[in-house]
Every structure is written in C-alpha cells, then in structure tokens.
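Let me begin by presenting the structure, written as structure tokens, before commenting on it.
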Amino acid sequence: MAVLWFEKSREKNMIIKSLLDTDLYKFTMMQVVLHHFPAAQVEYRYRCRTPGVNLRPYLEEIRREIHDLCQLRFNEAELSYLGGLRFIKSDFIDFLGLFHLPEKCITVSEGVAPGEIDITVKGSWLHTILFEIPVLAIVNEVYFRNVCPDPDWTEGRQRLQTKMRLVLDAIDLNDFMIADYGTRRRFSHAWHEEVITTMKTQMGAHFAGTSNVWFAMKHGVLPLGTMAHEYLQACQGLGPRLRDSQIFALETWAKEYRGDLGIALSDVYGMTAFLRDFDMYFCKLFDGARHDSGDPFNWGERMIAHYEKNRVDPRTKTLIFSDGLNFQRAIELNRRFAGRSKTAFGIGTNLTNDLGYEPLQIVMKMIRCNGQPVAKVSDAPEKTMCDDKAYLTYLRQVFEIPPA
C-alpha cells in the first residue's frame, strides 16, 4: 500500500502527465514518418542559448522527470480524441496504442562548459520524435521552480491582462487571430493552462487555439500545427539528392495529407531558397506559409509578391507569423497586411513565460539523419545549429546561401 501511495503521489506531481502534452505538429510529422520513413534513424541535441545559466544542480531532478515521461502511455480517451482529428489515420492510432518513449534512447549528463548540461536523443525517428517538446518543458519547469520557488503570479496576470487589452482595444484589427505556441518554453504546466483559459474566456474570436494537444482536448479549443524544421532537415538525408530535399519534403507532405495541413515552413534554407522551390504548383496547393526567422515585414512582402508573380491571389492565402512575437508586433503585422493576405499569429514565450523573469532560450534540434549531418540555415544566423562545419559549408553552396 505504501508503494502504491508513493506512485500515485509521484504521478500527481509529474510535470508531464500525458503524452498529449506536446505540440500538434509532432503528431502530424510522426504520421508522415510512420507511412514514409519508418526506418529512419536520427540524433537530436539540446542547447541552451541563454548565457550564465547553471542547470547542473537540477540534473537528477531532470533525469527523474524524463524517466517518468518514459513510463507514460496513451489512454483510450486520448487515442479517441486524436482519432477524431480529420487528418489522423486509423493505423497511426493503432500504432500510438502501443507506443511509449524509449528511455534507452535519451542521455542526460553534465556538459563541457560550466553549468551546462548535455541532452542527446539517438534512435528511430518514429520512436524518438515525441521527446523534444516535453523534455524542453521539463527543463524549463525544473529550472523555474527551483530559482523562482514563490513566483509573482500577480505580476504575470497583470502582464497577461495588458496583452488582452491591447487586442480588445484595437478596433481596427482585420480578422486578427492569435494562437498559443508556448509549450516548450513555458514557465510551468499550471501557468500554461491559466494562459489558455484566460485567452479562451476573454479574447473570443481573436483566440485561434493552441499548439498543445492536451489543453486543446481538455478545454475544447482548436489544436494547431503542421510541420517543424526537423521534418525538412531530415529530408536532407532521406530524399533523392540534397538540392531537391525541400521539394521532396513538400511533395511527400502533400502526398500524405492530400491538401490538408497546407502551411509550408519557409526558413530551413532561408527565404530566397524557399521561394526558388515554392513554385506555382506549391503556391496553389498549399494554403500558405509560416515565418519563423528574419524580418517578418520583409518576409510578408516577399511572400505576397511571390504569389502575385505566380498568378495566385495572396488574399486567398494565409501568412502565419511565429518568430519571437509579442502582441504589439502581431498587431503591427496585421495592420500591414490587412486586406492583402490572411494572417495568423503564433506566440510562445511572450505568452507562457512572461512573469517578469528572464526566460530560458533552449532548443533541441535534429543534427543527424541516417548517419549524415543535417542542418537548418535560416535568415537568423543565431538559429543555425550543426556540429559539422564542412557539411554546413556544402549546404550553403548547394542552396546558394551566402556565408553568415
């Protein structure tokens, strides 16, 4: 009985209590992997971009939370919810019914630099793809509950209300929609939930939904997401040749979803390389594109000009902005492109980790697929992550990307 009580008590205090507590695009990509790349082998590596952060005192706590994460399974209610999404197929649900995260594929250790920790994931892409988001959420919450054991919730709520008022007071906004994209960098699970319920209650039609599948199910809001950088990166090692890897990724996506989930990610090789590959076929086939690095105003202008060049009405397409946004910047972007294109906005850190404390800039990126290096070379040089300089040089040459 004592052991049973301990297990129930531990489960109650776990940071991640459901495998749905992740972003929707992990499942949409995972389904593509199951159907097209089930044998792919990958490696992910964690990095903290915030200087001077000491995570080593919390190493064992992080390991314990990851161990608990690997014990989770999908229950029938969760599988039923996923199966009810129009783009999720029945064989994928059958696979998830047997799924768990393999603990043998993840290592957590001390890093080289002072205070640094190292997290590496290696194994089958199909079986490791769900590690990234909950692991980053674990690192964030472990850190903040130790360094901020008594957070100023009043300050956080005041900041959130200020954001709500910015939207509700701006009467000139044209079909203005904001979504929560903040799972990986949230202050805590509890605060994340409060943010979502507050937005749902106060923002009305301006609240588009959340990328977090667990909260979407729990609170009856729309789950949002299509593809992430890792998908296009992996195709560097899966496609017929490197130069065609972006085209291969988009064509494989279209083959899987047949016109659904039609938002293309534009910044794995930078905007210029994206537009070279995003030809009239893709302009017509995909519903829009997502911005995630570089100047968003310039990106939007270039996308609209590209649609017009390819004889596609940009007013029928959606520009999604998701790079380090705050509410004021989202409002400015909406005003710039109102009447010229549909717009939508995904906000992460500024929503789920804005209580007056410096948020951690942490990422976990794919660095290898099938034994070869892969990389993202975006319009923001600090977002490039690759441990093979020779490959990075070659990638830039192949996609005609100027040196950083």
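In the structure tokens, chains take letters A, B, ... by order of appearance, with residues numbered from 1 within each chain and ligands from 1 in the order shown.
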
Could you list, with a cut-off of 10 Å and counting only C-alpha atoms, the residues of region 332-373 of chain A near region 388-391 of chain A, each shown with its nearest atom pair and the distance in Å rounded to one decimal, rows sorted by chain and ascending number, as JSON lines?
{"residue": "A:Ile367", "atom": "CA", "partner": "A:Asp388", "partner_atom": "CA", "distance": 9.0}
{"residue": "A:Arg368", "atom": "CA", "partner": "A:Asp388", "partner_atom": "CA", "distance": 9.9}
{"residue": "A:Gln372", "atom": "CA", "partner": "A:Tyr391", "partner_atom": "CA", "distance": 9.1}
{"residue": "A:Pro373", "atom": "CA", "partner": "A:Asp388", "partner_atom": "CA", "distance": 6.7}

For the selection you just gave me, I'd like the residues written to a file as a tab-separated table (two decimals), in the first residue's frame, keeping C-alpha atoms.
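The result, written out as result_8.tsv:
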chain	number	residue	atom	x	y	z
A	367	ILE	CA	21.57	17.16	-36.06
A	368	ARG	CA	21.76	13.83	-37.93
A	372	GLN	CA	24.64	12.07	-42.05
A	373	PRO	CA	24.60	15.65	-40.75

### Query
Closest to Asp91 (chain A) among A:Ile171, A:Val42, A:Val32, A:Cys48, using only C-alpha atoms?
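The shortest atom-to-atom distance to Asp91 (chain A) comes from A:Val32.
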
### Task
Give the answer as one residue: which of A:Leu59, A:Met271, A:Ile320, A:Met227 has the shortest atom-to-atom distance to Ala254 (chain A), using only C-alpha atoms?
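Answer, going by the shortest atom-to-atom distance: A:Met227.
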
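Minimum distance to Ile331 (chain A) across A:Phe176, A:Phe95, A:Phe74, A:Phe187 (counting only C-alpha atoms) occurs at A:Phe176.
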
Residues within 12 Å of Ile119 (chain A), please, as a compact mmCIF listing (two decimals) with N, CA, C and O atoms, in the first residue's frame. Count only C-alpha atoms; anything in the same chain fewer than 4 positions from it doesn't count.
# COMPACT_ATOMS: atom_id res chain seq x y z
N GLU A 43 19.38 11.76 -34.72
CA GLU A 43 20.00 12.23 -33.47
C GLU A 43 19.57 13.68 -33.23
O GLU A 43 19.59 14.50 -34.15
N TYR A 44 19.17 13.96 -32.00
CA TYR A 44 18.82 15.31 -31.56
C TYR A 44 19.81 15.74 -30.48
O TYR A 44 20.29 14.91 -29.69
N ARG A 45 20.05 17.05 -30.40
CA ARG A 45 20.91 17.57 -29.34
C ARG A 45 20.31 18.85 -28.76
O ARG A 45 19.79 19.70 -29.48
N TYR A 46 20.39 18.94 -27.45
CA TYR A 46 19.87 20.09 -26.70
C TYR A 46 20.92 21.20 -26.65
O TYR A 46 22.12 20.94 -26.59
N ARG A 47 20.42 22.46 -26.66
CA ARG A 47 21.32 23.60 -26.45
C ARG A 47 20.59 24.69 -25.69
O ARG A 47 19.41 24.96 -25.95
N CYS A 48 21.30 25.30 -24.74
CA CYS A 48 20.79 26.48 -24.04
C CYS A 48 21.52 27.69 -24.58
O CYS A 48 22.75 27.79 -24.48
N LEU A 55 22.40 24.73 -14.80
CA LEU A 55 21.37 23.71 -14.66
C LEU A 55 21.87 22.45 -13.95
O LEU A 55 21.08 21.56 -13.66
N ARG A 56 23.16 22.40 -13.66
CA ARG A 56 23.70 21.17 -13.09
C ARG A 56 23.12 20.79 -11.72
O ARG A 56 22.96 19.60 -11.44
N LEU A 59 20.22 18.38 -12.26
CA LEU A 59 20.41 17.29 -13.21
C LEU A 59 19.60 16.06 -12.84
O LEU A 59 18.90 15.47 -13.68
N ILE A 62 15.86 16.57 -13.37
CA ILE A 62 15.51 16.47 -14.79
C ILE A 62 15.49 15.01 -15.22
O ILE A 62 14.55 14.57 -15.92
N ARG A 63 16.48 14.24 -14.80
CA ARG A 63 16.51 12.82 -15.15
C ARG A 63 15.28 12.09 -14.62
O ARG A 63 14.70 11.24 -15.30
N ILE A 66 12.27 12.88 -16.75
CA ILE A 66 12.34 12.21 -18.04
C ILE A 66 12.04 10.72 -17.88
O ILE A 66 11.37 10.11 -18.73
N CYS A 105 17.03 5.63 -25.36
CA CYS A 105 17.44 6.50 -26.47
C CYS A 105 17.84 7.91 -26.03
O CYS A 105 18.29 8.69 -26.85
N ILE A 106 17.68 8.23 -24.74
CA ILE A 106 17.98 9.58 -24.28
C ILE A 106 19.01 9.54 -23.16
O ILE A 106 18.93 8.70 -22.25
N THR A 107 20.01 10.42 -23.24
CA THR A 107 21.02 10.54 -22.20
C THR A 107 21.06 11.98 -21.71
O THR A 107 20.98 12.91 -22.50
N VAL A 108 21.18 12.13 -20.40
CA VAL A 108 21.26 13.45 -19.76
C VAL A 108 22.51 13.46 -18.90
O VAL A 108 22.64 12.65 -17.98
N SER A 109 23.43 14.37 -19.19
CA SER A 109 24.71 14.38 -18.47
C SER A 109 25.21 15.80 -18.31
O SER A 109 24.62 16.76 -18.83
N GLU A 110 26.32 15.95 -17.61
CA GLU A 110 26.95 17.26 -17.49
C GLU A 110 27.58 17.66 -18.81
O GLU A 110 28.15 16.82 -19.52
N GLY A 111 27.47 18.94 -19.15
CA GLY A 111 28.07 19.44 -20.37
C GLY A 111 29.52 19.83 -20.15
O GLY A 111 30.08 19.67 -19.05
N VAL A 112 30.13 20.38 -21.18
CA VAL A 112 31.54 20.77 -21.11
C VAL A 112 31.71 22.10 -20.39
O VAL A 112 32.56 22.25 -19.50
N PHE A 131 10.08 13.17 -28.07
CA PHE A 131 10.90 13.58 -26.92
C PHE A 131 11.02 15.10 -26.80
O PHE A 131 10.95 15.66 -25.70
N GLU A 132 11.23 15.80 -27.90
CA GLU A 132 11.69 17.20 -27.88
C GLU A 132 10.86 18.13 -27.00
O GLU A 132 11.38 18.77 -26.07
N VAL A 135 10.57 17.29 -23.13
CA VAL A 135 11.89 17.42 -22.47
C VAL A 135 12.22 18.89 -22.25
O VAL A 135 12.69 19.28 -21.18
N LEU A 136 11.98 19.74 -23.25
CA LEU A 136 12.23 21.17 -23.07
C LEU A 136 11.31 21.76 -22.01
O LEU A 136 11.73 22.60 -21.20
N VAL A 139 12.80 20.77 -18.62
CA VAL A 139 13.96 21.58 -18.25
C VAL A 139 13.52 22.96 -17.77
O VAL A 139 14.00 23.46 -16.74
N ILE A 362 16.10 27.83 -24.87
CA ILE A 362 16.59 26.46 -25.02
C ILE A 362 15.93 25.81 -26.24
O ILE A 362 14.78 26.09 -26.57
N VAL A 363 16.70 24.95 -26.91
CA VAL A 363 16.21 24.26 -28.09
C VAL A 363 16.71 22.82 -28.06
O VAL A 363 17.68 22.49 -27.38
N MET A 364 16.05 21.96 -28.80
CA MET A 364 16.55 20.61 -29.07
C MET A 364 16.35 20.36 -30.55
O MET A 364 15.21 20.26 -31.02
N LYS A 365 17.43 20.29 -31.29
CA LYS A 365 17.36 20.21 -32.74
C LYS A 365 17.92 18.89 -33.26
O LYS A 365 18.86 18.32 -32.69
N MET A 366 17.36 18.42 -34.36
CA MET A 366 17.92 17.28 -35.06
C MET A 366 19.25 17.68 -35.69
O MET A 366 19.34 18.72 -36.35

#### Entry: Computed interatomic separation between CA of Gly259 (chain A) and CA of Phe207 (chain A) (Å)
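Computing the Euclidean distance for CA of Gly259 (chain A) and CA of Phe207 (chain A) yields 24.4 Å.
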
### Query
Counting only C-alpha atoms, which of A:Gly348, A:Pro102, A:Pro151, A:Gly83 gets nearest to Lys122 (chain A)?
A:Pro102

### Task
Show which residues sit within 12 Å of Lys218 (chain A), as an MDAnalysis selection string. Count only C-alpha atoms, and ignore same-chain residues fewer than 4 positions away.
chainID A and resid 18 20:21 77:78 81 193 196:197 210 212:214 222:223

Selection file, all heavy atoms, as a CSV table (one decimal), in the first residue's frame:
chain,number,residue,atom,x,y,z
A,18,SER,N,0.7,13.5,-19.5
A,18,SER,CA,0.1,12.9,-20.7
A,18,SER,C,1.0,13.1,-21.9
A,18,SER,O,1.7,14.1,-22.0
A,18,SER,CB,-1.2,13.5,-20.9
A,18,SER,OG,-1.7,13.2,-22.2
A,20,LEU,N,0.0,13.6,-24.7
A,20,LEU,CA,-0.6,14.6,-25.5
A,20,LEU,C,-0.1,16.0,-25.1
A,20,LEU,O,-0.4,17.0,-25.8
A,20,LEU,CB,-2.2,14.6,-25.3
A,20,LEU,CG,-3.0,13.5,-25.9
A,20,LEU,CD1,-4.5,13.8,-25.8
A,20,LEU,CD2,-2.6,13.3,-27.4
A,21,ASP,N,0.6,16.1,-24.0
A,21,ASP,CA,1.1,17.4,-23.6
A,21,ASP,C,2.3,17.8,-24.4
A,21,ASP,O,3.5,17.9,-24.0
A,21,ASP,CB,1.5,17.4,-22.1
A,21,ASP,CG,1.8,18.8,-21.5
A,21,ASP,OD1,1.7,19.8,-22.2
A,21,ASP,OD2,2.2,18.8,-20.3
A,77,ALA,N,-9.2,7.5,-24.0
A,77,ALA,CA,-9.8,8.9,-24.3
A,77,ALA,C,-8.8,9.7,-25.2
A,77,ALA,O,-9.3,10.4,-26.1
A,77,ALA,CB,-10.0,9.6,-23.0
A,78,GLU,N,-7.5,9.6,-24.9
A,78,GLU,CA,-6.6,10.4,-25.7
A,78,GLU,C,-6.5,9.9,-27.2
A,78,GLU,O,-6.5,10.7,-28.1
A,78,GLU,CB,-5.2,10.3,-25.1
A,78,GLU,CG,-5.1,11.0,-23.7
A,78,GLU,CD,-3.9,10.7,-22.9
A,78,GLU,OE1,-3.2,9.6,-23.2
A,78,GLU,OE2,-3.5,11.4,-22.0
A,81,TYR,N,-9.6,11.0,-29.0
A,81,TYR,CA,-9.5,12.4,-29.4
A,81,TYR,C,-8.6,12.6,-30.6
A,81,TYR,O,-9.1,13.2,-31.6
A,81,TYR,CB,-8.9,13.2,-28.3
A,81,TYR,CG,-8.8,14.7,-28.6
A,81,TYR,CD1,-9.8,15.6,-28.7
A,81,TYR,CD2,-7.5,15.2,-29.0
A,81,TYR,CE1,-9.7,16.9,-29.0
A,81,TYR,CE2,-7.3,16.5,-29.4
A,81,TYR,CZ,-8.4,17.4,-29.4
A,81,TYR,OH,-8.2,18.7,-29.8
A,193,GLU,N,-1.7,26.5,-18.6
A,193,GLU,CA,-3.2,26.3,-18.6
A,193,GLU,C,-3.9,27.5,-18.3
A,193,GLU,O,-5.0,27.8,-18.9
A,193,GLU,CB,-3.5,25.1,-17.6
A,193,GLU,CG,-5.0,24.8,-17.6
A,193,GLU,CD,-5.3,23.5,-17.0
A,193,GLU,OE1,-4.5,23.0,-16.1
A,193,GLU,OE2,-6.3,22.9,-17.3
A,196,ILE,N,-4.1,29.8,-21.3
A,196,ILE,CA,-5.1,29.3,-22.3
A,196,ILE,C,-6.5,29.6,-21.9
A,196,ILE,O,-7.3,30.1,-22.7
A,196,ILE,CB,-4.8,27.8,-22.6
A,196,ILE,CG1,-3.5,27.6,-23.4
A,196,ILE,CG2,-6.0,27.2,-23.4
A,196,ILE,CD1,-3.1,26.2,-23.6
A,197,THR,N,-6.8,29.3,-20.7
A,197,THR,CA,-8.2,29.5,-20.2
A,197,THR,C,-8.5,31.0,-20.2
A,197,THR,O,-9.7,31.4,-20.5
A,197,THR,CB,-8.4,28.9,-18.8
A,197,THR,OG1,-7.5,29.4,-17.9
A,197,THR,CG2,-8.3,27.4,-18.9
A,210,THR,N,-4.6,26.5,-29.8
A,210,THR,CA,-3.3,26.2,-29.1
A,210,THR,C,-2.6,25.1,-29.9
A,210,THR,O,-3.2,24.2,-30.5
A,210,THR,CB,-3.4,25.8,-27.7
A,210,THR,OG1,-2.2,25.4,-27.1
A,210,THR,CG2,-4.4,24.6,-27.5
A,212,ASN,N,-0.8,23.0,-28.2
A,212,ASN,CA,-0.8,21.9,-27.3
A,212,ASN,C,-2.0,21.1,-27.3
A,212,ASN,O,-3.1,21.5,-27.1
A,212,ASN,CB,-0.6,22.6,-25.9
A,212,ASN,CG,-0.4,21.5,-24.8
A,212,ASN,OD1,-1.3,20.8,-24.4
A,212,ASN,ND2,0.8,21.4,-24.3
A,213,VAL,N,-1.8,19.8,-27.6
A,213,VAL,CA,-2.9,18.9,-27.9
A,213,VAL,C,-3.7,18.6,-26.6
A,213,VAL,O,-4.9,18.4,-26.6
A,213,VAL,CB,-2.4,17.6,-28.6
A,213,VAL,CG1,-3.6,16.7,-29.0
A,213,VAL,CG2,-1.6,17.9,-29.8
A,214,TRP,N,-3.0,18.4,-25.5
A,214,TRP,CA,-3.6,18.1,-24.2
A,214,TRP,C,-4.6,19.2,-23.8
A,214,TRP,O,-5.7,18.9,-23.5
A,214,TRP,CB,-2.6,17.9,-23.1
A,214,TRP,CG,-3.1,17.8,-21.7
A,214,TRP,CD1,-2.9,18.7,-20.7
A,214,TRP,CD2,-3.9,16.8,-21.2
A,214,TRP,NE1,-3.6,18.3,-19.6
A,214,TRP,CE2,-4.2,17.1,-19.9
A,214,TRP,CE3,-4.4,15.6,-21.7
A,214,TRP,CZ2,-5.0,16.3,-19.0
A,214,TRP,CZ3,-5.2,14.8,-20.9
A,214,TRP,CH2,-5.5,15.1,-19.6
A,222,LEU,N,-9.2,24.7,-30.5
A,222,LEU,CA,-8.7,24.1,-31.7
A,222,LEU,C,-7.2,23.8,-31.6
A,222,LEU,O,-6.4,24.7,-31.3
A,222,LEU,CB,-8.9,25.1,-32.9
A,222,LEU,CG,-8.6,24.5,-34.3
A,222,LEU,CD1,-9.5,23.4,-34.7
A,222,LEU,CD2,-8.7,25.7,-35.3
A,223,PRO,N,-6.8,22.5,-31.9
A,223,PRO,CA,-5.3,22.2,-31.9
A,223,PRO,C,-4.7,22.7,-33.3
A,223,PRO,O,-5.4,22.4,-34.3
A,223,PRO,CB,-5.3,20.7,-31.8
A,223,PRO,CG,-6.6,20.2,-32.4
A,223,PRO,CD,-7.6,21.3,-32.1
